[in-house]
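The structure file input_23.txt is reproduced below (compact mmCIF, C-alpha atoms and all ligand atoms).
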```
# COMPACT_ATOMS: atom_id res chain seq x y z
CA MET A 378 -18.02 7.91 -12.81
CA LYS A 379 -17.03 8.04 -9.12
CA LEU A 380 -14.53 6.09 -7.00
CA THR A 381 -14.81 6.02 -3.20
CA ILE A 382 -11.49 6.15 -1.37
CA CYS A 383 -11.52 5.61 2.41
CA HIS A 384 -8.72 6.83 4.69
CA LEU A 385 -9.07 4.71 7.84
CA TYR A 386 -7.81 6.34 11.07
CA PRO A 387 -6.54 9.51 9.33
CA ASP A 388 -5.86 11.04 12.75
CA LEU A 389 -3.73 8.09 13.88
CA LEU A 390 -2.24 6.42 10.79
CA ASP A 391 -0.75 9.31 8.87
CA LEU A 392 2.98 9.34 9.54
CA TYR A 393 5.49 11.12 7.27
CA GLY A 394 2.90 12.65 4.95
CA ASP A 395 1.20 9.38 4.04
CA ARG A 396 -2.01 11.36 3.45
CA GLY A 397 -0.29 12.40 0.23
CA ASN A 398 -1.26 8.99 -1.14
CA ILE A 399 -4.93 9.94 -0.92
CA LEU A 400 -4.17 13.21 -2.75
CA ALA A 401 -2.29 11.33 -5.49
CA LEU A 402 -5.15 8.86 -6.02
CA ALA A 403 -7.67 11.72 -6.12
CA ALA A 404 -5.58 13.80 -8.57
CA ARG A 405 -5.10 10.92 -11.01
CA CYS A 406 -8.84 10.28 -10.86
CA ARG A 407 -9.74 13.93 -11.55
CA TRP A 408 -7.26 14.18 -14.44
CA ARG A 409 -9.34 11.48 -16.10
CA GLY A 410 -12.75 12.87 -15.31
CA ILE A 411 -13.38 10.36 -12.51
CA GLU A 412 -14.84 11.94 -9.39
CA PRO A 413 -13.00 10.80 -6.21
CA GLU A 414 -15.14 10.65 -3.07
CA ILE A 415 -12.84 10.72 -0.03
CA GLN A 416 -14.16 9.21 3.22
CA GLU A 417 -12.34 9.66 6.52
CA VAL A 418 -13.25 7.15 9.25
CA SER A 419 -11.71 6.85 12.71
CA LEU A 420 -12.24 5.21 16.11
CA GLY A 421 -15.83 4.16 16.78
CA GLU A 422 -17.20 5.53 13.50
CA SER A 423 -19.33 3.31 11.28
CA LEU A 424 -17.86 2.05 8.01
CA ASP A 425 -19.31 0.02 5.16
CA PHE A 426 -16.48 -1.78 3.34
CA THR A 427 -18.89 -2.90 0.62
CA GLY A 428 -19.53 0.71 -0.35
CA MET A 429 -15.91 1.64 -1.04
CA ASP A 430 -13.46 1.07 -3.88
CA ILE A 431 -10.08 1.71 -2.24
CA LEU A 432 -9.12 1.49 1.45
CA PHE A 433 -5.99 3.32 2.67
CA LEU A 434 -4.13 2.67 5.95
CA GLY A 435 -1.12 4.93 6.56
CA GLY A 436 1.88 4.61 8.84
CA GLY A 437 1.74 4.97 12.61
CA SER A 438 3.92 4.80 15.70
CA ASP A 439 3.70 1.79 18.05
CA ARG A 440 1.63 3.99 20.39
CA GLU A 441 -1.00 4.78 17.73
CA GLN A 442 -1.11 1.15 16.63
CA GLY A 443 -1.87 0.17 20.24
CA ILE A 444 -4.64 2.79 20.46
CA LEU A 445 -6.52 1.68 17.35
CA VAL A 446 -6.08 -2.10 17.51
CA GLN A 447 -9.33 -2.86 19.40
CA ASP A 448 -11.37 -0.74 17.02
CA LEU A 449 -9.66 -2.33 14.01
CA MET A 450 -10.20 -5.88 15.30
CA ARG A 451 -13.95 -5.16 15.52
CA ARG A 452 -13.89 -4.58 11.75
CA GLU A 453 -11.93 -7.77 10.92
CA LYS A 454 -14.84 -9.94 9.65
CA ASP A 455 -16.24 -7.30 7.29
CA LEU A 456 -12.80 -6.27 6.04
CA ARG A 457 -11.75 -9.89 5.44
CA GLN A 458 -14.93 -10.45 3.40
CA ALA A 459 -14.35 -7.27 1.37
CA ILE A 460 -10.71 -8.22 0.67
CA GLU A 461 -11.72 -11.71 -0.44
CA ASN A 462 -14.22 -9.93 -2.67
CA GLY A 463 -11.44 -7.90 -4.30
CA LEU A 464 -11.41 -4.64 -2.32
CA VAL A 465 -8.33 -2.64 -3.26
CA VAL A 466 -6.25 -1.89 -0.14
CA LEU A 467 -3.02 0.04 0.29
CA GLY A 468 -1.30 -0.31 3.68
CA ILE A 469 1.85 1.65 4.50
CA CYS A 470 4.23 0.50 7.26
CA GLY A 471 2.11 0.39 10.46
CA GLY A 472 -1.03 0.08 8.32
CA TYR A 473 0.66 -2.78 6.44
CA GLN A 474 1.79 -4.52 9.66
CA MET A 475 -1.76 -4.48 11.09
CA LEU A 476 -3.05 -6.57 8.15
CA GLY A 477 -0.87 -9.47 9.37
CA ASN A 478 -1.02 -11.86 12.33
CA TYR A 479 0.73 -9.68 14.94
CA TYR A 480 3.27 -6.96 15.59
CA GLN A 481 5.68 -7.78 18.46
CA MET A 482 7.18 -4.57 19.79
CA ALA A 483 10.76 -4.21 21.01
CA GLY A 484 9.74 -4.81 24.66
CA GLY A 485 8.13 -8.14 23.66
CA GLU A 486 4.49 -6.96 23.89
CA LYS A 487 2.40 -8.21 20.96
CA ILE A 488 -0.18 -6.06 19.21
CA PRO A 489 -2.60 -8.48 17.53
CA GLY A 490 -3.14 -7.97 13.80
CA LEU A 491 -6.15 -8.71 11.61
CA GLY A 492 -4.59 -11.97 10.43
CA ILE A 493 -5.97 -11.44 6.91
CA LEU A 494 -2.53 -11.67 5.31
CA ASP A 495 -0.16 -14.42 6.46
CA LEU A 496 2.69 -12.25 7.69
CA TRP A 497 4.06 -11.21 11.07
CA THR A 498 6.27 -8.42 12.39
CA ILE A 499 8.92 -8.45 15.10
CA ALA A 500 10.52 -5.18 16.16
CA GLY A 501 14.31 -5.18 16.22
CA THR A 502 16.55 -2.98 18.36
CA LYS A 503 17.60 -0.72 15.47
CA ARG A 504 15.31 1.33 13.31
CA LEU A 505 15.46 0.64 9.57
CA ILE A 506 15.67 4.11 8.08
CA GLY A 507 16.59 5.46 4.67
CA ASN A 508 15.77 5.60 1.00
CA VAL A 509 14.61 2.43 -0.72
CA VAL A 510 14.68 1.21 -4.32
CA ALA A 511 12.93 -2.10 -5.01
CA GLU A 512 12.76 -3.99 -8.32
CA LEU A 513 9.14 -5.00 -8.84
CA HIS A 514 8.35 -8.70 -8.36
CA PRO A 515 7.11 -10.18 -11.70
CA THR A 516 3.53 -10.44 -10.42
CA ALA A 517 3.53 -7.36 -8.15
CA LEU A 518 1.34 -5.17 -10.35
CA LYS A 519 -0.29 -7.91 -12.43
CA ILE A 520 -3.92 -7.44 -13.38
CA ASP A 521 -5.75 -10.79 -13.56
CA SER A 522 -8.94 -10.18 -15.41
CA GLU A 523 -11.11 -11.91 -17.98
CA SER A 524 -11.46 -8.54 -19.66
CA ASN A 525 -8.94 -7.07 -22.07
CA LEU A 526 -7.35 -5.29 -19.11
CA ALA A 527 -5.38 -8.34 -18.02
CA ARG A 528 -1.64 -7.68 -18.09
CA ASP A 529 1.59 -8.37 -16.27
CA ASN A 530 4.43 -6.03 -15.34
CA SER A 531 6.09 -6.30 -18.77
CA GLU A 532 4.12 -3.36 -20.17
CA LEU A 533 4.97 -1.02 -17.32
CA LYS A 534 7.27 1.93 -18.15
CA LEU A 535 8.60 1.82 -14.56
CA ARG A 536 9.68 -1.52 -13.03
CA THR A 537 10.86 -0.13 -9.69
CA LEU A 538 9.36 1.37 -6.55
CA VAL A 539 11.11 4.20 -4.73
CA GLY A 540 10.44 5.80 -1.36
CA PHE A 541 11.84 6.01 2.16
CA GLU A 542 11.43 3.78 5.18
CA ASN A 543 11.48 4.36 8.93
CA HIS A 544 10.42 1.34 10.99
CA SER A 545 11.64 -0.88 13.82
CA GLY A 546 9.36 -3.74 12.82
CA LYS A 547 10.77 -6.52 10.65
CA THR A 548 8.04 -8.20 8.62
CA TYR A 549 8.21 -11.83 7.47
CA LEU A 550 5.93 -13.18 4.73
CA GLY A 551 4.10 -16.49 5.17
CA LYS A 552 1.96 -18.53 2.77
CA GLY A 553 -0.29 -17.32 -0.03
CA VAL A 554 1.30 -13.87 -0.29
CA SER A 555 4.05 -12.49 -2.58
CA PRO A 556 6.52 -9.67 -2.06
CA LEU A 557 5.99 -6.44 -4.00
CA GLY A 558 9.65 -6.30 -4.85
CA LYS A 559 13.28 -7.13 -4.29
CA VAL A 560 15.36 -4.51 -2.47
CA SER A 561 18.19 -2.92 -4.49
CA VAL A 562 18.78 -0.06 -2.01
CA GLY A 563 17.68 0.02 1.63
CA HIS A 564 16.36 -2.55 4.14
CA GLY A 565 12.83 -3.50 3.00
CA ASN A 566 10.61 -5.90 4.97
CA ASN A 567 13.21 -7.22 7.39
CA ASP A 568 16.76 -6.36 6.25
CA GLN A 569 17.39 -10.10 5.82
CA ASP A 570 15.54 -11.75 2.93
CA GLY A 571 15.76 -8.91 0.41
CA THR A 572 11.99 -8.56 0.06
CA GLU A 573 9.98 -5.35 0.21
CA GLY A 574 6.25 -5.19 0.78
CA VAL A 575 3.52 -7.67 0.03
CA ARG A 576 0.69 -8.37 -2.40
CA TYR A 577 -2.33 -10.53 -1.68
CA ARG A 578 -5.28 -10.36 -4.14
CA ASN A 579 -5.86 -6.58 -4.48
CA VAL A 580 -4.09 -5.77 -1.20
CA PHE A 581 -0.72 -3.96 -1.41
CA GLY A 582 1.46 -3.46 1.68
CA THR A 583 4.75 -1.63 1.74
CA TYR A 584 7.21 0.12 4.06
CA LEU A 585 7.63 2.98 1.60
CA HIS A 586 6.67 6.43 2.80
CA GLY A 587 7.41 9.50 0.71
CA PRO A 588 4.49 9.69 0.20
CA LEU A 589 4.68 6.58 -1.90
CA LEU A 590 2.23 7.22 -4.71
CA PRO A 591 3.38 10.61 -6.06
CA LYS A 592 6.81 9.00 -6.56
CA ASN A 593 5.31 5.87 -8.17
CA PRO A 594 2.52 6.88 -10.63
CA HIS A 595 2.45 3.38 -12.15
CA LEU A 596 1.39 1.91 -8.78
CA THR A 597 -1.26 4.63 -8.36
CA ASP A 598 -2.79 3.74 -11.72
CA ILE A 599 -2.79 0.00 -11.00
CA LEU A 600 -4.76 0.65 -7.79
CA LEU A 601 -7.27 2.76 -9.75
CA GLU A 602 -7.57 0.23 -12.58
CA LEU A 603 -8.12 -2.66 -10.18
CA ALA A 604 -10.87 -0.64 -8.48
CA LEU A 605 -12.50 0.20 -11.84
CA ILE A 606 -12.34 -3.41 -13.06
CA ARG A 607 -14.00 -4.52 -9.82
CA ARG A 608 -16.79 -2.04 -10.66
CA GLY A 609 -17.22 -3.75 -14.04
CA PHE A 610 -15.36 -1.23 -16.17
CA ASP A 611 -13.37 -2.81 -18.98
CA SER A 612 -11.62 0.15 -20.54
CA CYS A 613 -8.04 1.09 -19.67
CA LEU A 614 -7.39 4.30 -17.83
CA THR A 615 -6.54 7.07 -20.28
CA GLU A 616 -2.79 7.67 -20.49
CA LEU A 617 -1.56 10.78 -18.68
CA ASP A 618 1.48 12.85 -19.63
CA ASP A 619 3.77 11.41 -16.90
CA TYR A 620 6.97 12.79 -18.40
CA LEU A 621 7.91 14.73 -15.23
CA GLU A 622 6.83 11.98 -12.78
CA THR A 623 8.73 9.35 -14.76
CA LEU A 624 11.83 11.57 -15.04
CA ALA A 625 11.73 12.28 -11.27
CA HIS A 626 11.30 8.57 -10.48
CA LYS A 627 14.17 7.47 -12.74
CA THR A 628 16.43 10.27 -11.49
CA MET A 629 15.85 9.20 -7.87
CA VAL A 630 16.40 5.52 -8.67
CA ASN A 631 19.62 6.17 -10.62
CA LYS A 632 21.00 8.49 -7.93
CA LEU A 633 20.26 5.99 -5.14
CA LEU A 634 21.70 3.07 -7.12
CA LYS A 635 24.90 5.06 -7.76
CA GLN A 636 25.21 5.91 -4.07
CA ALA A 637 24.66 2.29 -2.96
N1 LIG B 1 5.42 1.46 14.56
C1 LIG B 1 5.83 0.64 13.43
C2 LIG B 1 7.34 0.37 13.43
O1 LIG B 1 8.08 1.11 14.03
C3 LIG B 1 5.43 1.28 12.12
C4 LIG B 1 6.18 2.58 11.85
C5 LIG B 1 5.64 3.34 10.65
O2 LIG B 1 4.46 3.26 10.32
N2 LIG B 1 6.53 4.14 9.99
O3 LIG B 1 7.77 -0.57 12.78
```
What would the structure in this file look like if it were written as structure tokens?
Amino acid sequence: MKLTICHLYPDLLDLYGDRGNILALAARCRWRGIEPEIQEVSLGESLDFTGMDILFLGGGSDREQGILVQDLMRREKDLRQAIENGLVVLGICGGYQMLGNYYQMAGGEKIPGLGILDLWTIAGTKRLIGNVVAELHPTALKIDSESNLARDNSELKLRTLVGFENHSGKTYLGKGVSPLGKVSVGHGNNDQDGTEGVRYRNVFGTYLHGPLLPKNPHLTDILLELALIRRGFDSCLTELDDYLETLAHKTMVNKLLKQA
């Protein structure tokens, strides 16, 4: 069994160690005997969204977002079709922002987004920086499936997400999308409405760097399970011994909640 994981613009969207998310996905595949095939695709290189299982877009500075936007917009039609067909996507910060309608930078200049998710981003004057704890939204990690894999968040051992944020953009969610979580510590999407991140179909966007996935093994596994289900697999991922990951996650959450 193989899963294809594509890192789009690895040379541009890879702020704050976000490549660690690819490593976490690959490790949790290998630990289960699933072979991860990692593709790296950047400006001007051909890409077949139908041939991949998970697409990853990391964080990037305003400058990098401006450099890649034309190339990304050329891929909009194929990516939209793949997302509507259930492609699993993880977008972090800048990668998350580019899935929306636009990103208006502090000077007022707008970088157009793909417009696949109804959300928009407006840069404020202050950067939103620091650790984040978010309580998962009830449907954040839900698996809708006719197979026996369907489940909601209630079975998850971890009901929080933890990471750190560093962005000037404030993201506002529109119609047909749900937040990933509610902020308990930190700023989240826009430091106003208490939301963090977004989910639309199998697309997950978040401001959490860290990298995100090593700190949140439950989210890593949901991404893998959604990709396997889309491939027609109907058996749950084998349980891993996550004692240390779970302990580290809970320790971070408790410490940050105490400090808040
Ligand atoms: N350039 C964007 C912002 O400042 C995204 C930053 C990031 O990816 N960390 O909001």
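Using all atoms listed in the file, the residues found no farther than 6 Å from A:Gly540, other than those of its own chain fewer than 6 positions away, are Asn508, Val509, Leu585, His586, Gly587 and Leu589 of chain A.
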Tell me, counting only C-alpha atoms, for each residue of stretch 510-532 of chain A within 12 Å of stretch 614-637 of chain A, which pair of atoms is nearest and how far apart they are in Å to one decimal, in rows ordered by chain and increasing number, as a tab-separated table.
```
residue	atom	partner	partner_atom	distance
A:Val510	CA	A:Val630	CA	6.4
A:Ala511	CA	A:Val630	CA	9.1
A:Glu512	CA	A:Val630	CA	10.2
A:Leu526	CA	A:Leu614	CA	9.7
```
Go ahead and save the residues from that selection, with C-alpha atoms, as a PDB file, keeping the file's coordinate frame.
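Writing the result to out_8.pdb gives the following:
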```pdb
ATOM      1  CA  VAL A 510      14.680   1.210  -4.320  1.00  0.00           C
ATOM      2  CA  ALA A 511      12.930  -2.100  -5.010  1.00  0.00           C
ATOM      3  CA  GLU A 512      12.760  -3.990  -8.320  1.00  0.00           C
ATOM      4  CA  LEU A 526      -7.350  -5.290 -19.110  1.00  0.00           C
TER       5      LEU A 526
END
```
Practice item. May I ask you to write as a PyMOL selection string all residues lying at most 10 Å from ligand LIG 1 (chain B), with only C-alpha atoms and all ligand atoms counted? Key: chain A and resi 390-393+395+434-443+468-475+480-483+498-501+503-506+541-548+566+583-586
Point to revise | Atomic distance atom CA of A:Thr381 - atom CA of A:Gln416, expressed in Å with one decimal | key: 7.2 Å
Review point. Hey, what's within 10 Å of A:Phe433 if we count all atoms listed in the file and toss same-chain stuff fewer than 3 positions away? As a PyMOL selection string, please?
Key: chain A and resi 382-387+390+395-396+398-399+417+465-469+472-473+581
Determine, using all atoms listed in the file, which residues of stretch 508-553 of chain A have any atom at most 12 Å from an atom of stretch 597-601 of chain A, and tabulate each with its shortest atom pair and distance in Å to one decimal place, rows ordered by chain and then rising number, as a Markdown table.
```
| residue | atom | partner | partner_atom | distance |
| --- | --- | --- | --- | --- |
| A:Ala517 | CA | A:Ile599 | CA | 10.1 |
| A:Leu518 | CA | A:Ile599 | CA | 6.6 |
| A:Lys519 | CA | A:Ile599 | CA | 8.4 |
| A:Ile520 | CA | A:Ile599 | CA | 7.9 |
| A:Asp521 | CA | A:Ile599 | CA | 11.5 |
| A:Leu526 | CA | A:Ile599 | CA | 10.7 |
| A:Ala527 | CA | A:Ile599 | CA | 11.2 |
| A:Arg528 | CA | A:Ile599 | CA | 10.5 |
| A:Asp529 | CA | A:Ile599 | CA | 10.8 |
| A:Asn530 | CA | A:Ile599 | CA | 10.4 |
| A:Glu532 | CA | A:Ile599 | CA | 12.0 |
| A:Leu533 | CA | A:Ile599 | CA | 10.1 |
| A:Leu535 | CA | A:Asp598 | CA | 11.9 |
| A:Leu538 | CA | A:Thr597 | CA | 11.3 |
```
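Here atom CA of A:Glu412 stands at a distance of 6.3 Å from atom CA of A:Leu380.
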Practice item. Please provide the set of residues having any atom within 9 Å of A:Leu496, restricted to all atoms listed in the file, with same-chain residues fewer than 3 positions apart removed, written as a PyMOL selection string. Key: chain A and resi 474+476-479+492-493+548-552+554+575
Let's have the selection written as an mmCIF file, keeping the file's coordinate frame, with C-alpha atoms.
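again_23.cif written:
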```cif
data_model
loop_
_atom_site.group_PDB
_atom_site.id
_atom_site.type_symbol
_atom_site.label_atom_id
_atom_site.label_comp_id
_atom_site.auth_asym_id
_atom_site.auth_seq_id
_atom_site.Cartn_x
_atom_site.Cartn_y
_atom_site.Cartn_z
ATOM 1 C CA GLN A 474 1.790 -4.520 9.660
ATOM 2 C CA LEU A 476 -3.050 -6.570 8.150
ATOM 3 C CA GLY A 477 -0.870 -9.470 9.370
ATOM 4 C CA ASN A 478 -1.020 -11.860 12.330
ATOM 5 C CA TYR A 479 0.730 -9.680 14.940
ATOM 6 C CA GLY A 492 -4.590 -11.970 10.430
ATOM 7 C CA ILE A 493 -5.970 -11.440 6.910
ATOM 8 C CA THR A 548 8.040 -8.200 8.620
ATOM 9 C CA TYR A 549 8.210 -11.830 7.470
ATOM 10 C CA LEU A 550 5.930 -13.180 4.730
ATOM 11 C CA GLY A 551 4.100 -16.490 5.170
ATOM 12 C CA LYS A 552 1.960 -18.530 2.770
ATOM 13 C CA VAL A 554 1.300 -13.870 -0.290
ATOM 14 C CA VAL A 575 3.520 -7.670 0.030
#
```
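Nearest residue to A:Gly565 among A:Asn579, A:Ser423, A:Pro594, A:Gly507 is A:Gly507, counting all atoms listed in the file.
When atom CA of A:Ala604 is paired with atom CA of A:Ile415, their separation reads 14.3 Å.
For the choices A:Gly571, A:Gly582, A:Gly553, A:Pro413, the atom-to-atom distance to A:Leu596 is smallest for A:Gly582 when using all atoms listed in the file.
With distances restricted to all atoms listed in the file, A:Ser555 is the closest residue to A:Leu494 from A:Ser555, A:Ser612, A:Asn567, A:Ser531.
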Point to revise | Nearby residues, (-14.8, 5.7, 21.7) file frame, 12 Å, only C-alpha atoms, as number ranges by chain | key: A: 419-423, 444-445, 447-448
Check your understanding: Contacts of A:Leu464 at 9 Å or less, counting only C-alpha atoms, minus same-chain residues fewer than 4 places along, as a list in words?
Key -> Phe426, Thr427, Met429, Asp430, Ile431, Leu432, Leu456, Gln458, Ala459, Ile460, Arg578, Asn579, Val580, Leu603, Ala604 and Arg607 of chain A
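For the residues A:Ser522, A:Thr502, A:Leu400, A:Glu461, ranking by smallest atom-to-atom distance to A:Leu605 using all atoms listed in the file places A:Ser522 first.
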How would stretch 600-612 of chain A read, as a PDB file, in the frame of the given file, once N, CA, C and O atoms are built in?
```pdb
ATOM      1  N   LEU A 600      -3.731   0.656  -8.847  1.00  0.00           N
ATOM      2  CA  LEU A 600      -4.760   0.650  -7.790  1.00  0.00           C
ATOM      3  C   LEU A 600      -6.086   1.146  -8.366  1.00  0.00           C
ATOM      4  O   LEU A 600      -7.149   0.547  -8.134  1.00  0.00           O
ATOM      5  N   LEU A 601      -6.029   2.204  -9.161  1.00  0.00           N
ATOM      6  CA  LEU A 601      -7.270   2.760  -9.750  1.00  0.00           C
ATOM      7  C   LEU A 601      -7.874   1.780 -10.741  1.00  0.00           C
ATOM      8  O   LEU A 601      -9.090   1.543 -10.739  1.00  0.00           O
ATOM      9  N   GLU A 602      -7.023   1.153 -11.563  1.00  0.00           N
ATOM     10  CA  GLU A 602      -7.570   0.230 -12.580  1.00  0.00           C
ATOM     11  C   GLU A 602      -8.203  -0.990 -11.936  1.00  0.00           C
ATOM     12  O   GLU A 602      -9.278  -1.434 -12.326  1.00  0.00           O
ATOM     13  N   LEU A 603      -7.552  -1.497 -10.879  1.00  0.00           N
ATOM     14  CA  LEU A 603      -8.120  -2.660 -10.180  1.00  0.00           C
ATOM     15  C   LEU A 603      -9.493  -2.293  -9.587  1.00  0.00           C
ATOM     16  O   LEU A 603     -10.438  -3.085  -9.626  1.00  0.00           O
ATOM     17  N   ALA A 604      -9.589  -1.077  -9.064  1.00  0.00           N
ATOM     18  CA  ALA A 604     -10.870  -0.640  -8.480  1.00  0.00           C
ATOM     19  C   ALA A 604     -11.939  -0.489  -9.567  1.00  0.00           C
ATOM     20  O   ALA A 604     -13.090  -0.891  -9.380  1.00  0.00           O
ATOM     21  N   LEU A 605     -11.542   0.026 -10.732  1.00  0.00           N
ATOM     22  CA  LEU A 605     -12.500   0.200 -11.840  1.00  0.00           C
ATOM     23  C   LEU A 605     -12.953  -1.156 -12.383  1.00  0.00           C
ATOM     24  O   LEU A 605     -14.139  -1.376 -12.641  1.00  0.00           O
ATOM     25  N   ILE A 606     -11.998  -2.067 -12.540  1.00  0.00           N
ATOM     26  CA  ILE A 606     -12.340  -3.410 -13.060  1.00  0.00           C
ATOM     27  C   ILE A 606     -13.345  -4.071 -12.114  1.00  0.00           C
ATOM     28  O   ILE A 606     -14.338  -4.659 -12.530  1.00  0.00           O
ATOM     29  N   ARG A 607     -13.108  -3.900 -10.811  1.00  0.00           N
ATOM     30  CA  ARG A 607     -14.000  -4.520  -9.820  1.00  0.00           C
ATOM     31  C   ARG A 607     -15.411  -3.926  -9.931  1.00  0.00           C
ATOM     32  O   ARG A 607     -16.404  -4.550  -9.576  1.00  0.00           O
ATOM     33  N   ARG A 608     -15.487  -2.692 -10.456  1.00  0.00           N
ATOM     34  CA  ARG A 608     -16.790  -2.040 -10.660  1.00  0.00           C
ATOM     35  C   ARG A 608     -17.387  -2.442 -12.007  1.00  0.00           C
ATOM     36  O   ARG A 608     -18.417  -1.887 -12.404  1.00  0.00           O
ATOM     37  N   GLY A 609     -16.670  -3.309 -12.766  1.00  0.00           N
ATOM     38  CA  GLY A 609     -17.220  -3.750 -14.040  1.00  0.00           C
ATOM     39  C   GLY A 609     -16.784  -2.931 -15.233  1.00  0.00           C
ATOM     40  O   GLY A 609     -17.213  -3.167 -16.357  1.00  0.00           O
ATOM     41  N   PHE A 610     -15.861  -2.000 -15.019  1.00  0.00           N
ATOM     42  CA  PHE A 610     -15.360  -1.230 -16.170  1.00  0.00           C
ATOM     43  C   PHE A 610     -14.338  -2.060 -16.947  1.00  0.00           C
ATOM     44  O   PHE A 610     -13.525  -2.762 -16.343  1.00  0.00           O
ATOM     45  N   ASP A 611     -14.371  -1.995 -18.257  1.00  0.00           N
ATOM     46  CA  ASP A 611     -13.370  -2.810 -18.980  1.00  0.00           C
ATOM     47  C   ASP A 611     -12.586  -1.945 -19.969  1.00  0.00           C
ATOM     48  O   ASP A 611     -12.080  -2.434 -20.963  1.00  0.00           O
ATOM     49  N   SER A 612     -12.482  -0.647 -19.644  1.00  0.00           N
ATOM     50  CA  SER A 612     -11.620   0.150 -20.540  1.00  0.00           C
ATOM     51  C   SER A 612     -10.419   0.639 -19.720  1.00  0.00           C
ATOM     52  O   SER A 612     -10.568   0.944 -18.526  1.00  0.00           O
TER      53      SER A 612
END
```
